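For reference, upload.tsv (TSV, all heavy atoms):
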```tsv
chain	number	residue	atom	x	y	z
A	1	MET	N	26.45	119.56	-3.85
A	1	MET	CA	26.03	120.64	-3.00
A	1	MET	C	24.55	120.42	-2.67
A	1	MET	O	23.75	120.19	-3.58
A	1	MET	CB	26.26	121.98	-3.71
A	1	MET	CG	25.85	123.16	-2.88
A	1	MET	SD	26.11	124.77	-3.70
A	1	MET	CE	27.86	124.79	-3.89
A	2	PRO	N	24.17	120.51	-1.43
A	2	PRO	CA	22.76	120.32	-1.07
A	2	PRO	C	21.85	121.36	-1.72
A	2	PRO	O	22.25	122.53	-1.89
A	2	PRO	CB	22.76	120.49	0.46
A	2	PRO	CG	24.17	120.25	0.88
A	2	PRO	CD	25.03	120.70	-0.26
A	3	ASP	N	20.64	120.96	-2.08
A	3	ASP	CA	19.69	121.86	-2.73
A	3	ASP	C	19.45	123.12	-1.91
A	3	ASP	O	19.31	124.21	-2.46
A	3	ASP	CB	18.35	121.16	-2.96
A	3	ASP	CG	18.42	120.15	-4.08
A	3	ASP	OD1	19.38	120.17	-4.88
A	3	ASP	OD2	17.49	119.31	-4.17
A	4	GLU	N	19.42	123.00	-0.59
A	4	GLU	CA	19.18	124.17	0.27
A	4	GLU	C	20.28	125.22	0.08
A	4	GLU	O	20.01	126.42	0.03
A	4	GLU	CB	19.12	123.75	1.73
A	4	GLU	CG	18.81	124.90	2.67
A	4	GLU	CD	18.70	124.47	4.12
A	4	GLU	OE1	18.51	123.27	4.38
A	4	GLU	OE2	18.81	125.34	4.97
A	5	TRP	N	21.51	124.78	-0.05
A	5	TRP	CA	22.62	125.71	-0.28
A	5	TRP	C	22.45	126.42	-1.61
A	5	TRP	O	22.70	127.61	-1.72
A	5	TRP	CB	23.95	124.99	-0.25
A	5	TRP	CG	24.38	124.47	1.08
A	5	TRP	CD1	23.65	124.42	2.23
A	5	TRP	CD2	25.65	123.92	1.38
A	5	TRP	NE1	24.38	123.86	3.23
A	5	TRP	CE2	25.62	123.53	2.73
A	5	TRP	CE3	26.78	123.69	0.64
A	5	TRP	CZ2	26.71	122.95	3.36
A	5	TRP	CZ3	27.87	123.10	1.26
A	5	TRP	CH2	27.83	122.74	2.62
A	6	VAL	N	22.06	125.65	-2.62
A	6	VAL	CA	21.88	126.23	-3.95
A	6	VAL	C	20.83	127.33	-3.89
A	6	VAL	O	21.03	128.42	-4.42
A	6	VAL	CB	21.50	125.15	-4.98
A	6	VAL	CG1	21.12	125.77	-6.31
A	6	VAL	CG2	22.64	124.16	-5.14
A	7	ARG	N	19.72	127.08	-3.22
A	7	ARG	CA	18.66	128.08	-3.11
A	7	ARG	C	19.16	129.32	-2.35
A	7	ARG	O	18.85	130.44	-2.71
A	7	ARG	CB	17.43	127.51	-2.42
A	7	ARG	CG	16.61	126.59	-3.32
A	7	ARG	CD	15.29	126.20	-2.66
A	7	ARG	NE	15.46	125.47	-1.42
A	7	ARG	CZ	15.70	124.16	-1.31
A	7	ARG	NH1	15.80	123.43	-2.41
A	7	ARG	NH2	15.83	123.58	-0.14
A	8	GLN	N	19.94	129.13	-1.31
A	8	GLN	CA	20.42	130.24	-0.51
A	8	GLN	C	21.50	131.06	-1.22
A	8	GLN	O	21.63	132.25	-0.96
A	8	GLN	CB	20.98	129.74	0.82
A	8	GLN	CG	19.94	129.20	1.75
A	8	GLN	CD	20.54	128.61	3.03
A	8	GLN	OE1	21.76	128.57	3.19
A	8	GLN	NE2	19.69	128.15	3.92
A	9	LEU	N	22.26	130.43	-2.08
A	9	LEU	CA	23.40	131.09	-2.70
A	9	LEU	C	23.19	131.48	-4.15
A	9	LEU	O	24.08	132.08	-4.76
A	9	LEU	CB	24.64	130.20	-2.58
A	9	LEU	CG	25.07	129.85	-1.16
A	9	LEU	CD1	26.20	128.84	-1.19
A	9	LEU	CD2	25.46	131.09	-0.40
A	10	ALA	N	22.03	131.17	-4.71
A	10	ALA	CA	21.79	131.42	-6.12
A	10	ALA	C	21.89	132.91	-6.47
A	10	ALA	O	21.48	133.77	-5.70
A	10	ALA	CB	20.43	130.89	-6.53
A	11	VAL	N	22.46	133.17	-7.63
A	11	VAL	CA	22.54	134.52	-8.17
A	11	VAL	C	21.84	134.45	-9.53
A	11	VAL	O	22.31	133.77	-10.44
A	11	VAL	CB	24.00	134.98	-8.34
A	11	VAL	CG1	24.06	136.34	-9.02
A	11	VAL	CG2	24.71	135.00	-6.99
A	12	ALA	N	20.72	135.16	-9.65
A	12	ALA	CA	19.94	135.11	-10.89
A	12	ALA	C	19.16	136.40	-11.05
A	12	ALA	O	19.06	137.19	-10.11
A	12	ALA	CB	18.99	133.91	-10.87
A	13	GLY	N	18.61	136.61	-12.23
A	13	GLY	CA	17.78	137.77	-12.48
A	13	GLY	C	18.42	138.73	-13.46
A	13	GLY	O	19.30	138.36	-14.23
A	14	THR	N	17.98	139.97	-13.38
A	14	THR	CA	18.55	141.00	-14.25
A	14	THR	C	19.99	141.28	-13.80
A	14	THR	O	20.37	140.92	-12.69
A	14	THR	CB	17.72	142.30	-14.13
A	14	THR	OG1	17.87	142.81	-12.80
A	14	THR	CG2	16.26	142.08	-14.46
A	15	PRO	N	20.76	141.96	-14.65
A	15	PRO	CA	22.12	142.31	-14.21
A	15	PRO	C	22.13	143.07	-12.88
A	15	PRO	O	22.94	142.79	-12.00
A	15	PRO	CB	22.66	143.16	-15.36
A	15	PRO	CG	21.96	142.60	-16.56
A	15	PRO	CD	20.57	142.30	-16.06
A	16	GLN	N	21.22	144.02	-12.71
A	16	GLN	CA	21.17	144.78	-11.46
A	16	GLN	C	20.82	143.87	-10.27
A	16	GLN	O	21.41	144.00	-9.19
A	16	GLN	CB	20.16	145.93	-11.55
A	16	GLN	CG	20.10	146.78	-10.30
A	16	GLN	CD	21.45	147.36	-9.89
A	16	GLN	OE1	22.25	147.74	-10.73
A	16	GLN	NE2	21.73	147.39	-8.60
A	17	GLN	N	19.88	142.95	-10.46
A	17	GLN	CA	19.53	142.01	-9.38
A	17	GLN	C	20.71	141.12	-9.04
A	17	GLN	O	20.97	140.84	-7.86
A	17	GLN	CB	18.33	141.16	-9.80
A	17	GLN	CG	17.04	141.93	-9.87
A	17	GLN	CD	15.93	141.12	-10.53
A	17	GLN	OE1	16.17	140.36	-11.48
A	17	GLN	NE2	14.71	141.30	-10.05
A	18	ALA	N	21.42	140.66	-10.05
A	18	ALA	CA	22.58	139.79	-9.81
A	18	ALA	C	23.68	140.55	-9.07
A	18	ALA	O	24.27	140.02	-8.13
A	18	ALA	CB	23.10	139.22	-11.13
A	19	ARG	N	23.94	141.79	-9.49
A	19	ARG	CA	24.95	142.59	-8.79
A	19	ARG	C	24.56	142.83	-7.34
A	19	ARG	O	25.39	142.74	-6.43
A	19	ARG	CB	25.17	143.93	-9.50
A	19	ARG	CG	26.03	143.81	-10.75
A	19	ARG	CD	26.50	145.15	-11.27
A	19	ARG	NE	25.47	145.99	-11.88
A	19	ARG	CZ	24.94	145.81	-13.08
A	19	ARG	NH1	25.33	144.79	-13.82
A	19	ARG	NH2	24.04	146.64	-13.54
A	20	SER	N	23.29	143.11	-7.10
A	20	SER	CA	22.80	143.32	-5.74
A	20	SER	C	22.93	142.06	-4.91
A	20	SER	O	23.35	142.09	-3.75
A	20	SER	CB	21.34	143.78	-5.79
A	20	SER	OG	20.82	143.92	-4.50
A	21	ARG	N	22.59	140.93	-5.51
A	21	ARG	CA	22.70	139.65	-4.80
A	21	ARG	C	24.15	139.34	-4.46
A	21	ARG	O	24.46	138.88	-3.36
A	21	ARG	CB	22.10	138.53	-5.65
A	21	ARG	CG	22.17	137.17	-5.03
A	21	ARG	CD	21.25	137.09	-3.82
A	21	ARG	NE	21.35	135.75	-3.28
A	21	ARG	CZ	21.61	135.47	-2.02
A	21	ARG	NH1	21.72	136.44	-1.13
A	21	ARG	NH2	21.70	134.24	-1.61
A	22	LEU	N	25.06	139.58	-5.39
A	22	LEU	CA	26.47	139.36	-5.12
A	22	LEU	C	26.95	140.27	-3.99
A	22	LEU	O	27.69	139.84	-3.10
A	22	LEU	CB	27.31	139.60	-6.37
A	22	LEU	CG	27.22	138.51	-7.44
A	22	LEU	CD1	27.86	138.99	-8.74
A	22	LEU	CD2	27.84	137.22	-6.95
A	23	ALA	N	26.52	141.53	-3.99
A	23	ALA	CA	26.90	142.46	-2.92
A	23	ALA	C	26.39	141.95	-1.58
A	23	ALA	O	27.10	142.00	-0.57
A	23	ALA	CB	26.35	143.84	-3.22
A	24	ASP	N	25.15	141.43	-1.56
A	24	ASP	CA	24.59	140.87	-0.32
A	24	ASP	C	25.44	139.71	0.18
A	24	ASP	O	25.70	139.60	1.39
A	24	ASP	CB	23.15	140.39	-0.53
A	24	ASP	CG	22.16	141.51	-0.77
A	24	ASP	OD1	22.49	142.69	-0.50
A	24	ASP	OD2	21.05	141.20	-1.25
A	25	LEU	N	25.84	138.83	-0.73
A	25	LEU	CA	26.64	137.68	-0.33
A	25	LEU	C	27.99	138.11	0.23
A	25	LEU	O	28.45	137.58	1.25
A	25	LEU	CB	26.83	136.72	-1.52
A	25	LEU	CG	25.58	135.97	-1.97
A	25	LEU	CD1	25.83	135.24	-3.28
A	25	LEU	CD2	25.12	135.00	-0.90
A	26	PHE	N	28.63	139.08	-0.40
A	26	PHE	CA	29.90	139.58	0.11
A	26	PHE	C	29.73	140.26	1.46
A	26	PHE	O	30.59	140.16	2.33
A	26	PHE	CB	30.59	140.49	-0.90
A	26	PHE	CG	31.25	139.74	-2.02
A	26	PHE	CD1	30.69	139.69	-3.28
A	26	PHE	CD2	32.45	139.06	-1.80
A	26	PHE	CE1	31.31	138.98	-4.31
A	26	PHE	CE2	33.07	138.35	-2.82
A	26	PHE	CZ	32.49	138.31	-4.08
A	27	ASP	N	28.59	140.95	1.65
A	27	ASP	CA	28.32	141.61	2.93
A	27	ASP	C	28.22	140.64	4.09
A	27	ASP	O	28.54	140.99	5.22
A	27	ASP	CB	27.04	142.44	2.86
A	27	ASP	CG	27.19	143.71	2.05
A	27	ASP	OD1	28.34	144.10	1.76
A	27	ASP	OD2	26.15	144.30	1.70
A	28	VAL	N	27.77	139.40	3.82
A	28	VAL	CA	27.63	138.42	4.90
A	28	VAL	C	28.83	137.48	5.01
A	28	VAL	O	28.80	136.50	5.74
A	28	VAL	CB	26.32	137.60	4.80
A	28	VAL	CG1	25.12	138.51	4.94
A	28	VAL	CG2	26.26	136.79	3.52
A	29	GLY	N	29.91	137.78	4.25
A	29	GLY	CA	31.14	137.03	4.46
A	29	GLY	C	31.66	136.19	3.31
A	29	GLY	O	32.72	135.59	3.42
A	30	VAL	N	30.93	136.12	2.22
A	30	VAL	CA	31.45	135.39	1.06
A	30	VAL	C	32.70	136.12	0.57
A	30	VAL	O	32.70	137.35	0.46
A	30	VAL	CB	30.39	135.29	-0.05
A	30	VAL	CG1	30.99	134.75	-1.34
A	30	VAL	CG2	29.22	134.42	0.40
A	31	THR	N	33.76	135.39	0.32
A	31	THR	CA	35.00	136.03	-0.10
A	31	THR	C	35.35	135.79	-1.57
A	31	THR	O	36.20	136.49	-2.11
A	31	THR	CB	36.18	135.56	0.77
A	31	THR	OG1	36.30	134.15	0.68
A	31	THR	CG2	35.97	135.97	2.22
A	32	SER	N	34.72	134.82	-2.18
A	32	SER	CA	34.95	134.59	-3.61
A	32	SER	C	33.75	133.86	-4.19
A	32	SER	O	33.00	133.19	-3.47
A	32	SER	CB	36.23	133.79	-3.86
A	32	SER	OG	36.12	132.51	-3.27
A	33	THR	N	33.57	134.00	-5.49
A	33	THR	CA	32.45	133.35	-6.17
A	33	THR	C	32.92	132.76	-7.49
A	33	THR	O	33.93	133.18	-8.05
A	33	THR	CB	31.31	134.34	-6.49
A	33	THR	OG1	31.82	135.37	-7.33
A	33	THR	CG2	30.72	134.96	-5.24
A	34	VAL	N	32.18	131.80	-7.96
A	34	VAL	CA	32.38	131.23	-9.29
A	34	VAL	C	31.05	131.39	-10.01
A	34	VAL	O	30.04	130.84	-9.58
A	34	VAL	CB	32.78	129.74	-9.23
A	34	VAL	CG1	32.86	129.16	-10.63
A	34	VAL	CG2	34.08	129.56	-8.47
A	35	LEU	N	31.04	132.19	-11.05
A	35	LEU	CA	29.82	132.42	-11.82
A	35	LEU	C	29.87	131.55	-13.07
A	35	LEU	O	30.85	131.58	-13.81
A	35	LEU	CB	29.70	133.89	-12.20
A	35	LEU	CG	29.70	134.86	-11.02
A	35	LEU	CD1	29.68	136.30	-11.53
A	35	LEU	CD2	28.53	134.60	-10.11
A	36	THR	N	28.81	130.80	-13.29
A	36	THR	CA	28.76	129.88	-14.42
A	36	THR	C	27.56	130.20	-15.29
A	36	THR	O	26.42	130.17	-14.80
A	36	THR	CB	28.64	128.42	-13.92
A	36	THR	OG1	29.72	128.15	-13.03
A	36	THR	CG2	28.66	127.45	-15.06
A	37	PRO	N	27.76	130.55	-16.54
A	37	PRO	CA	26.62	130.79	-17.42
A	37	PRO	C	25.87	129.50	-17.68
A	37	PRO	O	26.47	128.42	-17.74
A	37	PRO	CB	27.25	131.33	-18.70
A	37	PRO	CG	28.67	130.87	-18.67
A	37	PRO	CD	29.04	130.70	-17.22
A	38	VAL	N	24.56	129.61	-17.80
A	38	VAL	CA	23.72	128.44	-18.05
A	38	VAL	C	22.81	128.71	-19.24
A	38	VAL	O	22.57	129.85	-19.60
A	38	VAL	CB	22.88	128.06	-16.81
A	38	VAL	CG1	23.75	127.64	-15.66
A	38	VAL	CG2	21.99	129.21	-16.39
A	39	GLY	N	22.30	127.65	-19.82
A	39	GLY	CA	21.39	127.78	-20.94
A	39	GLY	C	21.92	127.04	-22.15
A	39	GLY	O	23.05	126.56	-22.17
A	40	THR	N	21.09	126.97	-23.16
A	40	THR	CA	21.47	126.23	-24.37
A	40	THR	C	22.28	127.08	-25.33
A	40	THR	O	23.04	126.55	-26.13
A	40	THR	CB	20.23	125.69	-25.08
A	40	THR	OG1	19.35	126.79	-25.37
A	40	THR	CG2	19.50	124.66	-24.24
A	41	ASP	N	22.13	128.40	-25.27
A	41	ASP	CA	22.89	129.30	-26.13
A	41	ASP	C	24.05	129.86	-25.30
A	41	ASP	O	23.93	130.85	-24.60
A	41	ASP	CB	22.00	130.42	-26.63
A	41	ASP	CG	22.70	131.34	-27.63
A	41	ASP	OD1	23.95	131.30	-27.72
A	41	ASP	OD2	22.00	132.11	-28.31
A	42	TYR	N	25.19	129.19	-25.39
A	42	TYR	CA	26.32	129.52	-24.54
A	42	TYR	C	26.85	130.93	-24.77
A	42	TYR	O	27.23	131.61	-23.82
A	42	TYR	CB	27.45	128.49	-24.70
A	42	TYR	CG	27.02	127.11	-24.32
A	42	TYR	CD1	26.89	126.10	-25.25
A	42	TYR	CD2	26.70	126.81	-23.00
A	42	TYR	CE1	26.48	124.83	-24.90
A	42	TYR	CE2	26.28	125.54	-22.62
A	42	TYR	CZ	26.17	124.56	-23.58
A	42	TYR	OH	25.75	123.31	-23.21
A	43	LEU	N	26.89	131.38	-26.00
A	43	LEU	CA	27.38	132.74	-26.27
A	43	LEU	C	26.45	133.79	-25.68
A	43	LEU	O	26.92	134.77	-25.08
A	43	LEU	CB	27.57	132.94	-27.77
A	43	LEU	CG	28.71	132.17	-28.41
A	43	LEU	CD1	28.77	132.43	-29.92
A	43	LEU	CD2	30.04	132.51	-27.75
A	44	ALA	N	25.15	133.59	-25.80
A	44	ALA	CA	24.20	134.52	-25.20
A	44	ALA	C	24.32	134.49	-23.68
A	44	ALA	O	24.22	135.53	-23.03
A	44	ALA	CB	22.78	134.19	-25.63
A	45	SER	N	24.55	133.30	-23.12
A	45	SER	CA	24.73	133.19	-21.68
A	45	SER	C	25.96	133.94	-21.22
A	45	SER	O	25.94	134.61	-20.18
A	45	SER	CB	24.82	131.72	-21.27
A	45	SER	OG	23.63	131.05	-21.53
A	46	LEU	N	27.03	133.86	-21.98
A	46	LEU	CA	28.25	134.61	-21.64
A	46	LEU	C	28.01	136.11	-21.74
A	46	LEU	O	28.50	136.88	-20.91
A	46	LEU	CB	29.40	134.19	-22.54
A	46	LEU	CG	30.05	132.85	-22.22
A	46	LEU	CD1	31.05	132.47	-23.29
A	46	LEU	CD2	30.70	132.88	-20.85
A	47	ASP	N	27.27	136.54	-22.74
A	47	ASP	CA	26.93	137.96	-22.87
A	47	ASP	C	26.13	138.43	-21.66
A	47	ASP	O	26.39	139.51	-21.12
A	47	ASP	CB	26.14	138.24	-24.14
A	47	ASP	CG	27.00	138.23	-25.40
A	47	ASP	OD1	28.23	138.38	-25.27
A	47	ASP	OD2	26.42	138.06	-26.49
A	48	SER	N	25.18	137.62	-21.23
A	48	SER	CA	24.38	137.98	-20.05
A	48	SER	C	25.25	138.06	-18.81
A	48	SER	O	25.12	138.98	-18.00
A	48	SER	CB	23.27	136.95	-19.83
A	48	SER	OG	22.33	136.99	-20.88
A	49	LEU	N	26.14	137.10	-18.66
A	49	LEU	CA	27.03	137.10	-17.50
A	49	LEU	C	27.95	138.31	-17.52
A	49	LEU	O	28.17	138.95	-16.50
A	49	LEU	CB	27.85	135.80	-17.47
A	49	LEU	CG	28.81	135.64	-16.30
A	49	LEU	CD1	28.10	135.73	-14.96
A	49	LEU	CD2	29.55	134.31	-16.41
A	50	SER	N	28.44	138.68	-18.69
A	50	SER	CA	29.35	139.82	-18.77
A	50	SER	C	28.64	141.12	-18.40
A	50	SER	O	29.27	142.06	-17.91
A	50	SER	CB	29.96	139.93	-20.16
A	50	SER	OG	29.01	140.31	-21.12
A	51	ALA	N	27.33	141.19	-18.57
A	51	ALA	CA	26.58	142.39	-18.19
A	51	ALA	C	26.57	142.58	-16.69
A	51	ALA	O	26.46	143.71	-16.20
A	51	ALA	CB	25.15	142.30	-18.72
A	52	VAL	N	26.70	141.50	-15.94
A	52	VAL	CA	26.73	141.58	-14.48
A	52	VAL	C	28.08	142.10	-14.02
A	52	VAL	O	28.18	142.87	-13.07
A	52	VAL	CB	26.47	140.19	-13.84
A	52	VAL	CG1	26.67	140.22	-12.35
A	52	VAL	CG2	25.06	139.73	-14.20
A	53	LEU	N	29.12	141.69	-14.70
A	53	LEU	CA	30.47	142.07	-14.30
A	53	LEU	C	30.76	143.47	-14.73
A	53	LEU	O	31.40	144.24	-14.18
A	53	LEU	CB	31.49	141.10	-14.89
A	53	LEU	CG	31.23	139.63	-14.58
A	53	LEU	CD1	32.21	138.76	-15.33
A	53	LEU	CD2	31.32	139.38	-13.09
```
Could you express the structure from this file as structure tokens?
Amino acid sequence: MPDEWVRQLAVAGTPQQARSRLADLFDVGVTSTVLTPVGTDYLASLDSLSAVL
């Protein structure tokens, strides 16, 4: 995926920021997403991701 796409489509930040970003993406036509936790502590990353959902 080109770096420009990654910058335009990135979802990051606090849970509220991530939810807002996802809402923005859906508002402009995104119909599905794949959210992938990142970081060295995978369980903590999953906990963070679950806070968004």
| Using only C-alpha atoms: which of A:Leu22, A:Gln16, A:Val6, A:Val11 has the shortest distance to A:Thr36 | A:Val11
| query | Residues at most 6 Å from A:Pro15, counting all heavy atoms, excluding those fewer than 4 positions away in the same chain, as number ranges by chain? | reply | A: 19-20, 48, 51-52
| request: Mind checking which residues fall within 6 Å of A:Ala10, counting all atoms listed in the file, ignoring those fewer than 5 positions away in the same chain, and posting them as a list in words? | output: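 The neighbour list is Trp5, Arg21 and Leu25 of chain A.
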| query | Just how far from atom CA of A:Thr40 is atom CA of A:Pro2, in Å to one decimal? | reply |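 If I compute the distance from atom CA of A:Pro2 to atom CA of A:Thr40, I get 24.1 Å.
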| query | Could you work out how far atom O of A:Gln8 lies from atom OD1 of A:Asp41, giving the answer in Å with one decimal? | reply | 26.9 Å
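Here atom CE of A:Met1 is placed at a distance of 27.1 Å from atom CD1 of A:Leu43.
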| request: Write down as a ChimeraX atom specification the residues of stretch 4-47 of chain A whose backbone DSSP state falls under helix (DSSP H, G or I). | output: /A:4-9,15-27,42-47
